[in-house]
file model02.tsv (TSV, C-alpha atoms)
chain	number	residue	atom	x	y	z
R	1	MET	CA	4.19	-5.47	-30.52
R	2	ALA	CA	3.59	-2.72	-27.94
R	3	ASP	CA	0.07	-2.22	-26.65
R	4	THR	CA	-1.15	1.22	-27.73
R	5	THR	CA	-4.65	0.99	-26.23
R	6	PHE	CA	-3.93	3.94	-23.96
R	7	GLY	CA	-1.73	5.94	-26.33
R	8	PRO	CA	2.07	6.23	-26.55
R	9	LYS	CA	2.47	6.98	-22.84
R	10	GLY	CA	0.34	4.00	-21.84
R	11	TRP	CA	-2.12	3.97	-18.96
R	12	THR	CA	-1.57	6.69	-16.37
R	13	PRO	CA	-3.68	7.79	-13.39
R	14	GLU	CA	-4.72	10.89	-15.38
R	15	ARG	CA	-7.40	8.59	-16.82
R	16	LEU	CA	-9.04	8.21	-13.42
R	17	GLY	CA	-12.27	10.03	-12.69
R	18	ASP	CA	-13.72	10.69	-9.24
R	19	LEU	CA	-13.74	7.46	-7.19
R	20	SER	CA	-15.98	8.70	-4.37
R	21	GLY	CA	-18.12	5.90	-2.97
R	22	THR	CA	-15.73	3.13	-4.01
R	23	THR	CA	-13.71	0.97	-1.62
R	24	HIS	CA	-10.38	-0.64	-2.42
R	25	VAL	CA	-8.81	-3.25	-0.15
R	26	ILE	CA	-5.04	-3.62	-0.63
R	27	THR	CA	-2.71	-6.18	0.93
R	28	GLY	CA	0.82	-5.04	1.81
R	29	ALA	CA	-0.01	-1.36	1.42
R	30	ASN	CA	2.24	0.34	3.95
R	31	ALA	CA	5.20	0.66	1.54
R	32	GLY	CA	6.23	0.28	-2.10
R	33	ALA	CA	3.71	-0.16	-4.90
R	34	GLY	CA	0.84	-0.90	-2.51
R	35	PHE	CA	1.37	2.40	-0.69
R	36	GLN	CA	1.63	4.28	-3.99
R	37	ALA	CA	-1.58	2.63	-5.22
R	38	ALA	CA	-3.29	3.78	-2.01
R	39	ARG	CA	-2.03	7.33	-2.64
R	40	THR	CA	-3.41	7.40	-6.16
R	41	LEU	CA	-6.80	6.04	-5.10
R	42	LEU	CA	-7.10	8.45	-2.15
R	43	ARG	CA	-6.24	11.36	-4.41
R	44	LYS	CA	-9.39	10.44	-6.36
R	45	HIS	CA	-11.48	10.22	-3.15
R	46	ALA	CA	-11.74	6.43	-2.91
R	47	LYS	CA	-11.86	4.68	0.46
R	48	VAL	CA	-8.78	2.50	1.06
R	49	VAL	CA	-8.51	-0.34	3.56
R	50	MET	CA	-4.99	-1.68	4.01
R	51	LEU	CA	-4.32	-5.25	5.15
R	52	ASN	CA	-0.80	-5.13	6.59
R	53	ARG	CA	1.30	-7.17	8.99
R	54	SER	CA	3.04	-4.31	10.84
R	55	VAL	CA	0.95	-2.08	13.11
R	56	GLY	CA	3.72	0.54	13.46
R	57	LYS	CA	4.40	0.82	9.72
R	58	SER	CA	0.66	0.96	8.99
R	59	GLU	CA	0.12	3.80	11.47
R	60	ALA	CA	3.07	5.70	9.97
R	61	ALA	CA	1.72	5.14	6.44
R	62	ILE	CA	-1.75	6.39	7.43
R	63	ASP	CA	-0.22	9.45	9.12
R	64	ALA	CA	1.71	10.24	5.94
R	65	LEU	CA	-1.40	9.82	3.78
R	66	LYS	CA	-3.51	12.04	6.04
R	67	GLN	CA	-0.80	14.68	6.01
R	68	GLU	CA	-0.88	14.60	2.21
R	69	PHE	CA	-4.65	14.38	1.66
R	70	GLY	CA	-6.08	15.85	4.87
R	71	ALA	CA	-7.53	14.39	8.05
R	72	GLY	CA	-10.69	13.40	6.17
R	73	ALA	CA	-8.85	10.95	3.87
R	74	ASP	CA	-10.75	7.65	4.23
R	75	VAL	CA	-7.86	5.28	4.88
R	76	SER	CA	-7.65	2.60	7.55
R	77	PHE	CA	-5.87	-0.67	8.19
R	78	ILE	CA	-6.68	-4.10	9.56
R	79	ARG	CA	-3.78	-6.18	10.80
R	80	MET	CA	-3.19	-9.30	8.74
R	81	ASP	CA	-0.20	-11.59	8.29
R	82	LEU	CA	-0.54	-13.41	4.97
R	83	ALA	CA	1.86	-16.09	6.24
R	84	VAL	CA	-0.53	-17.10	9.04
R	85	LEU	CA	-3.85	-18.59	7.92
R	86	ASP	CA	-5.54	-17.84	11.27
R	87	SER	CA	-4.52	-14.19	10.89
R	88	VAL	CA	-6.06	-14.16	7.38
R	89	ARG	CA	-9.31	-15.65	8.75
R	90	THR	CA	-9.48	-13.09	11.57
R	91	ALA	CA	-8.75	-10.18	9.23
R	92	ALA	CA	-11.37	-11.34	6.72
R	93	LYS	CA	-14.00	-11.39	9.50
R	94	GLU	CA	-13.04	-7.84	10.46
R	95	VAL	CA	-13.22	-6.70	6.83
R	96	LEU	CA	-16.70	-8.22	6.45
R	97	LYS	CA	-17.82	-6.40	9.60
R	98	ALA	CA	-16.28	-3.03	8.75
R	99	VAL	CA	-16.37	-2.82	4.94
R	100	PRO	CA	-19.84	-2.96	3.34
R	101	ARG	CA	-18.57	-2.98	-0.24
R	102	ILE	CA	-15.36	-3.99	-2.02
R	103	ASP	CA	-14.91	-2.55	-5.50
R	104	ALA	CA	-11.45	-4.10	-5.80
R	105	LEU	CA	-9.33	-6.45	-3.73
R	106	ILE	CA	-5.74	-5.79	-4.78
R	107	ASN	CA	-3.49	-8.76	-3.92
R	108	ASN	CA	-0.30	-6.73	-3.67
R	109	GLY	CA	1.49	-8.08	-0.57
R	110	ALA	CA	4.41	-10.45	-1.10
R	111	ILE	CA	7.79	-11.61	0.08
R	112	ALA	CA	10.60	-12.35	-2.37
R	113	GLN	CA	13.92	-14.17	-2.73
R	114	VAL	CA	13.94	-15.48	0.86
R	115	PRO	CA	17.58	-16.67	1.06
R	116	THR	CA	17.11	-19.77	3.22
R	117	ARG	CA	14.15	-22.12	3.18
R	118	ARG	CA	11.61	-21.31	5.88
R	119	LEU	CA	8.20	-22.72	6.69
R	120	THR	CA	5.17	-20.74	7.79
R	121	VAL	CA	3.45	-21.63	11.08
R	122	ASP	CA	1.00	-23.67	8.98
R	123	GLY	CA	3.88	-25.69	7.51
R	124	PHE	CA	4.21	-24.20	4.01
R	125	GLU	CA	7.34	-22.91	2.26
R	126	SER	CA	7.31	-19.23	3.21
R	127	GLN	CA	6.98	-17.67	-0.26
R	128	LEU	CA	4.27	-20.07	-1.44
R	129	GLY	CA	2.48	-19.79	1.91
R	130	THR	CA	2.55	-15.98	1.94
R	131	ASN	CA	2.20	-15.01	-1.70
R	132	HIS	CA	-0.21	-17.70	-2.90
R	133	LEU	CA	-1.96	-19.59	-0.10
R	134	GLY	CA	-2.59	-16.59	2.16
R	135	HIS	CA	-4.15	-14.70	-0.74
R	136	PHE	CA	-6.06	-17.78	-1.97
R	137	LEU	CA	-7.81	-18.02	1.40
R	138	LEU	CA	-8.38	-14.25	1.71
R	139	ASN	CA	-9.99	-14.05	-1.74
R	140	GLY	CA	-12.24	-17.00	-0.95
R	141	LEU	CA	-13.40	-15.47	2.34
R	142	LEU	CA	-14.09	-12.04	0.81
R	143	PHE	CA	-15.41	-13.27	-2.54
R	144	ASP	CA	-19.14	-12.89	-1.80
R	145	ARG	CA	-18.67	-9.29	-0.67
R	146	ILE	CA	-16.71	-8.51	-3.86
R	147	ALA	CA	-19.45	-10.19	-5.94
R	148	GLU	CA	-22.23	-8.22	-4.17
R	149	SER	CA	-20.34	-5.05	-5.11
R	150	GLY	CA	-19.77	-6.11	-8.73
R	151	GLY	CA	-16.10	-5.74	-7.91
R	152	ARG	CA	-12.72	-6.91	-9.14
R	153	ILE	CA	-9.95	-9.15	-7.93
R	154	VAL	CA	-6.49	-7.93	-8.94
R	155	VAL	CA	-3.54	-10.30	-8.60
R	156	VAL	CA	-0.14	-8.60	-8.60
R	157	ALA	CA	2.18	-11.15	-10.19
R	158	SER	CA	5.79	-10.92	-11.33
R	159	LEU	CA	7.81	-11.54	-14.47
R	160	GLY	CA	9.51	-14.12	-12.23
R	161	TYR	CA	6.77	-16.53	-13.35
R	162	ASN	CA	8.90	-17.00	-16.50
R	163	MET	CA	11.85	-18.24	-14.46
R	164	GLY	CA	12.40	-21.34	-12.37
R	165	LEU	CA	10.51	-24.49	-13.33
R	166	LYS	CA	7.61	-22.75	-15.11
R	167	THR	CA	5.23	-25.19	-13.41
R	168	ILE	CA	4.19	-26.29	-9.92
R	169	ARG	CA	6.36	-28.91	-8.27
R	170	PHE	CA	3.47	-30.86	-6.76
R	171	GLU	CA	5.69	-33.70	-5.55
R	172	ASP	CA	7.60	-31.27	-3.30
R	173	MET	CA	5.86	-27.88	-3.12
R	174	ASN	CA	7.70	-27.03	0.09
R	175	TRP	CA	11.15	-27.61	-1.43
R	176	ASP	CA	12.35	-30.19	1.06
R	177	GLU	CA	14.95	-30.85	-1.66
R	178	GLY	CA	16.75	-28.33	-3.86
R	179	TYR	CA	15.44	-25.06	-2.41
R	180	GLY	CA	16.49	-21.96	-4.31
R	181	ALA	CA	15.36	-18.47	-3.33
R	182	ASN	CA	14.51	-17.53	-6.91
R	183	THR	CA	12.95	-20.83	-8.00
R	184	ALA	CA	10.69	-20.90	-4.94
R	185	TYR	CA	9.70	-17.27	-5.53
R	186	SER	CA	8.97	-17.99	-9.20
R	187	GLN	CA	6.73	-20.91	-8.24
R	188	SER	CA	4.83	-18.75	-5.74
R	189	LYS	CA	4.13	-16.02	-8.31
R	190	LEU	CA	3.17	-18.55	-10.98
R	191	ALA	CA	0.78	-20.10	-8.46
R	192	GLN	CA	-0.85	-16.70	-7.90
R	193	MET	CA	-1.40	-16.26	-11.63
R	194	MET	CA	-2.79	-19.77	-12.00
R	195	PHE	CA	-5.22	-19.05	-9.17
R	196	ALA	CA	-6.49	-15.99	-11.05
R	197	TYR	CA	-6.83	-17.70	-14.43
R	198	GLU	CA	-8.50	-20.77	-12.91
R	199	LEU	CA	-10.92	-18.49	-11.05
R	200	GLN	CA	-11.76	-16.83	-14.38
R	201	ASP	CA	-12.55	-20.26	-15.83
R	202	ARG	CA	-14.68	-21.27	-12.85
R	203	LEU	CA	-16.66	-18.04	-12.94
R	204	ALA	CA	-17.29	-18.51	-16.67
R	205	ALA	CA	-18.38	-22.13	-16.12
R	206	ALA	CA	-20.82	-20.96	-13.42
R	207	GLY	CA	-22.19	-18.32	-15.80
R	208	ARG	CA	-21.14	-15.53	-13.46
R	209	ASN	CA	-20.04	-12.07	-14.50
R	210	ASP	CA	-20.34	-10.31	-11.14
R	211	VAL	CA	-16.58	-10.42	-10.46
R	212	GLU	CA	-13.79	-9.57	-12.89
R	213	VAL	CA	-10.31	-11.00	-12.31
R	214	TYR	CA	-7.19	-9.28	-13.62
R	215	VAL	CA	-3.48	-10.11	-13.40
R	216	CYS	CA	-0.74	-7.50	-13.58
R	217	HIS	CA	2.89	-7.01	-12.60
R	218	PRO	CA	4.87	-3.90	-11.60
R	219	GLY	CA	7.81	-4.52	-13.90
R	220	SER	CA	11.19	-3.63	-12.46
R	221	SER	CA	10.23	-1.17	-9.74
R	222	ALA	CA	12.16	0.26	-6.82
R	223	THR	CA	9.93	-1.14	-4.08
R	224	SER	CA	11.00	-2.53	-0.71
R	225	LEU	CA	10.25	-6.15	-1.70
R	226	ILE	CA	13.79	-7.48	-2.14
R	227	THR	CA	15.27	-5.15	0.47
R	228	THR	CA	12.96	-6.59	3.13
R	229	SER	CA	13.24	-10.32	2.41
R	230	GLY	CA	16.15	-10.92	0.00
R	231	SER	CA	19.70	-12.00	0.84
R	232	ARG	CA	22.50	-9.45	1.30
R	233	THR	CA	23.85	-10.23	-2.19
R	234	MET	CA	20.41	-9.85	-3.80
R	235	ARG	CA	19.89	-6.60	-1.94
R	236	PHE	CA	23.21	-5.25	-3.23
R	237	ILE	CA	22.55	-6.32	-6.84
R	238	TRP	CA	19.10	-4.75	-6.62
R	239	TRP	CA	20.56	-1.51	-5.19
R	240	LEU	CA	22.94	-1.34	-8.16
R	241	MET	CA	20.06	-1.96	-10.60
R	242	THR	CA	17.98	0.85	-9.09
R	243	LYS	CA	20.66	3.27	-10.30
R	244	THR	CA	20.03	2.28	-13.95
R	245	PRO	CA	17.22	3.03	-16.45
R	246	MET	CA	16.16	-0.62	-16.07
R	247	VAL	CA	14.31	0.20	-12.86
R	248	GLN	CA	11.38	2.58	-12.49
R	249	THR	CA	9.87	4.16	-9.38
R	250	ALA	CA	7.47	2.44	-6.98
R	251	GLU	CA	4.83	4.92	-8.10
R	252	GLN	CA	5.24	3.81	-11.72
R	253	GLY	CA	5.21	0.21	-10.51
R	254	SER	CA	1.81	0.82	-8.91
R	255	HIS	CA	0.12	1.95	-12.12
R	256	PRO	CA	-0.71	-1.55	-13.44
R	257	GLU	CA	-2.56	-2.53	-10.24
R	258	VAL	CA	-4.50	0.74	-10.11
R	259	MET	CA	-5.39	0.30	-13.78
R	260	CYS	CA	-6.61	-3.25	-13.21
R	261	ALA	CA	-8.67	-2.11	-10.21
R	262	THR	CA	-10.38	0.80	-11.96
R	263	GLU	CA	-10.09	0.98	-15.75
R	264	GLU	CA	-13.43	0.44	-17.51
R	265	ALA	CA	-11.79	-0.01	-20.93
R	266	LEU	CA	-10.12	-3.29	-19.89
R	267	THR	CA	-12.05	-6.05	-21.61
R	268	GLU	CA	-9.62	-8.96	-21.74
R	269	GLN	CA	-9.25	-10.80	-18.45
R	270	ARG	CA	-7.05	-13.66	-19.73
R	271	ALA	CA	-4.09	-11.32	-19.99
R	272	LEU	CA	-1.07	-9.96	-18.15
R	273	TYR	CA	-0.96	-6.19	-17.72
R	274	GLY	CA	2.16	-4.18	-16.95
R	275	PRO	CA	4.98	-2.19	-18.55
R	276	THR	CA	5.29	-2.66	-22.32
R	277	GLY	CA	8.72	-1.09	-22.90
R	278	ARG	CA	12.19	-2.63	-22.70
R	279	LEU	CA	11.92	-6.34	-21.72
R	280	GLU	CA	8.42	-5.42	-20.43
R	281	ALA	CA	10.23	-4.35	-17.25
R	282	VAL	CA	9.72	-0.59	-17.68
R	283	GLY	CA	7.82	1.79	-19.92
R	284	PRO	CA	4.21	2.55	-20.88
R	285	VAL	CA	1.58	0.47	-19.05
R	286	GLY	CA	-0.72	-1.73	-21.09
R	287	ARG	CA	-1.26	-5.36	-22.04
R	288	GLY	CA	1.96	-7.36	-22.11
R	289	THR	CA	2.98	-10.89	-23.11
R	290	LEU	CA	1.29	-13.79	-21.36
R	291	ASN	CA	3.10	-17.09	-21.79
R	292	ALA	CA	1.04	-20.26	-22.04
R	293	HIS	CA	2.58	-22.09	-19.07
R	294	ALA	CA	0.83	-19.57	-16.78
R	295	HIS	CA	-2.55	-21.00	-17.71
R	296	ASP	CA	-1.78	-24.69	-18.26
R	297	LYS	CA	-5.25	-26.07	-17.50
R	298	ALA	CA	-4.22	-29.39	-15.95
R	299	VAL	CA	-1.77	-27.68	-13.60
R	300	MET	CA	-4.22	-24.90	-12.69
R	301	THR	CA	-6.99	-27.33	-11.80
R	302	ARG	CA	-4.71	-29.49	-9.70
R	303	LEU	CA	-3.25	-26.44	-7.93
R	304	TRP	CA	-6.76	-25.21	-7.07
R	305	ASP	CA	-7.65	-28.55	-5.45
R	306	VAL	CA	-4.34	-28.72	-3.58
R	307	SER	CA	-4.77	-25.11	-2.39
R	308	GLU	CA	-8.30	-25.70	-1.10
R	309	LYS	CA	-7.08	-28.66	0.95
R	310	ALA	CA	-4.01	-26.76	2.20
R	311	VAL	CA	-5.99	-23.78	3.55
R	312	GLY	CA	-9.07	-25.75	4.61
R	313	PHE	CA	-11.48	-23.67	2.55
R	314	GLU	CA	-13.71	-24.77	-0.31
R	315	TRP	CA	-14.82	-22.10	-2.78
R	316	LYS	CA	-18.53	-22.14	-3.63
R	317	LEU	CA	-19.12	-20.57	-7.03
call {"tool": "encode", "arguments": {"input": "model02.tsv", "output": "structure tokens"}}
result
Amino acid sequence: MADTTFGPKGWTPERLGDLSGTTHVITGANAGAGFQAARTLLRKHAKVVMLNRSVGKSEAAIDALKQEFGAGADVSFIRMDLAVLDSVRTAAKEVLKAVPRIDALINNGAIAQVPTRRLTVDGFESQLGTNHLGHFLLNGLLFDRIAESGGRIVVVASLGYNMGLKTIRFEDMNWDEGYGANTAYSQSKLAQMMFAYELQDRLAAAGRNDVEVYVCHPGSSATSLITTSGSRTMRFIWWLMTKTPMVQTAEQGSHPEVMCATEEALTEQRALYGPTGRLEAVGPVGRGTLNAHAHDKAVMTRLWDVSEKAVGFEWKL
């Protein structure tokens, strides 16, 4: 049944009030949904700090935003490569120095459908290393600042969590055997969701309500994700799909993450927010279907322990 919390058109940025005095940190914000989220937040006078890998693309994105919103638009970037744990550590230190409050950390950056198996410099399968482990470490390092601000953590997942193995392949997380671009991607996005839901559980167990954790997905949106990391075939299939009503714009795809970062009326954290129309790939934004394998407790707990060891960081909650 469709979620009608926000009316027949679903959640839209028209619901946003003035966001002056708030700070939003967004990973992968120089293009696609992350860039569109930054636009929406800046329009409402928020401060936006982008964590991006490319200096050139970040400078171009900031130029475009300042042209749109004026030279006074409070947008900046700190270089960070999610695939390199040392880069994440360095960027987190810079954020803590430069950013006194974090109202929302939006975990938007990702790579997808990498056609041939690659390892990060730290030795992890590239999609798991970038999408899950890089973010896992970043969130741990920035957590206290988010908590001091009474802020939110927003994990941008994917409907891909329903594909592949629907669990974590602990015996071979790096896909030494049987690598598939889609199955590895699905595992990485499922891992991100499990991180969020396990963090919810750990905060509840510690009696803490100073950080809220939300999970969303953009649906089928015309972002640069597949065009930057997918195979030639995937890129062509995706290009064909973008010509159909089954794909919405990157701006529409950004609405769920902006909603999860800002909307006061969200009360349910153990949920998956995103489009609620056809196949939950497009349409009005609200609360969608969350399948149980995404919060399988035994798998979540084990993944948390494995992730802490992998990144060399122990969360203190």
call {"tool": "residues_around", "arguments": {"input": "model02.tsv", "residues": "Glu198 in chain R", "least_positions_apart": "4", "cutoff": "7 Å", "atoms": "only C-alpha atoms", "output": "PyMOL selection string"}}
result
chain R and resi 194+202+300-301
call {"tool": "closest_residue", "arguments": {"input": "model02.tsv", "among": "R:Ile106, R:Leu16, R:Leu137, R:Leu119", "to": "Phe313 in chain R", "atoms": "only C-alpha atoms"}}
result
R:Leu137
call {"tool": "closest_residue", "arguments": {"input": "model02.tsv", "among": "R:Ala60, R:Leu159, R:Tyr214, R:Asn182", "to": "Ala112 in chain R", "atoms": "all atoms listed in the file"}}
result
R:Asn182
call {"tool": "closest_residue", "arguments": {"input": "model02.tsv", "among": "R:Arg145, R:His255, R:His217, R:Arg169", "to": "Arg302 in chain R", "atoms": "only C-alpha atoms"}}
result
R:Arg169
call {"tool": "atom_distance", "arguments": {"input": "model02.tsv", "atom1": "CA of Val306 in chain R", "atom2": "CA of Ile111 in chain R"}}
result
21.3 Å
call {"tool": "atom_distance", "arguments": {"input": "model02.tsv", "atom1": "CA of Gln187 in chain R", "atom2": "CA of Ile168 in chain R"}}
result
6.2 Å
call {"tool": "atom_distance", "arguments": {"input": "model02.tsv", "atom1": "CA of Leu133 in chain R", "atom2": "CA of Val156 in chain R"}}
result
14.0 Å
call {"tool": "closest_residue", "arguments": {"input": "model02.tsv", "among": "R:Asp81, R:Asp172, R:Glu94, R:Glu212", "to": "Ser149 in chain R", "atoms": "only C-alpha atoms"}}
result
R:Glu212
call {"tool": "closest_residue", "arguments": {"input": "model02.tsv", "among": "R:Ala271, R:Leu42, R:Ala281, R:Leu105", "to": "Gly21 in chain R", "atoms": "only C-alpha atoms"}}
result
R:Leu42
call {"tool": "closest_residue", "arguments": {"input": "model02.tsv", "among": "R:Ala31, R:Leu290, R:Leu142, R:Ala181", "to": "Asp103 in chain R", "atoms": "only C-alpha atoms"}}
result
R:Leu142
call {"tool": "residues_around", "arguments": {"input": "model02.tsv", "residues": "Leu65 in chain R", "least_positions_apart": "3", "cutoff": "12 Å", "atoms": "only C-alpha atoms", "output": "ChimeraX atom specification"}}
result
/R:29-31,35-43,48,58-62,68-76
call {"tool": "residues_around", "arguments": {"input": "model02.tsv", "residues": "Thr23 in chain R", "least_positions_apart": "6", "cutoff": "9 Å", "atoms": "all atoms listed in the file", "output": "list in words"}}
result
Ala46, Lys47, Val48, Val49, Val99, Pro100, Arg101, Ile102, Asp103, Ala104 and Leu105 of chain R
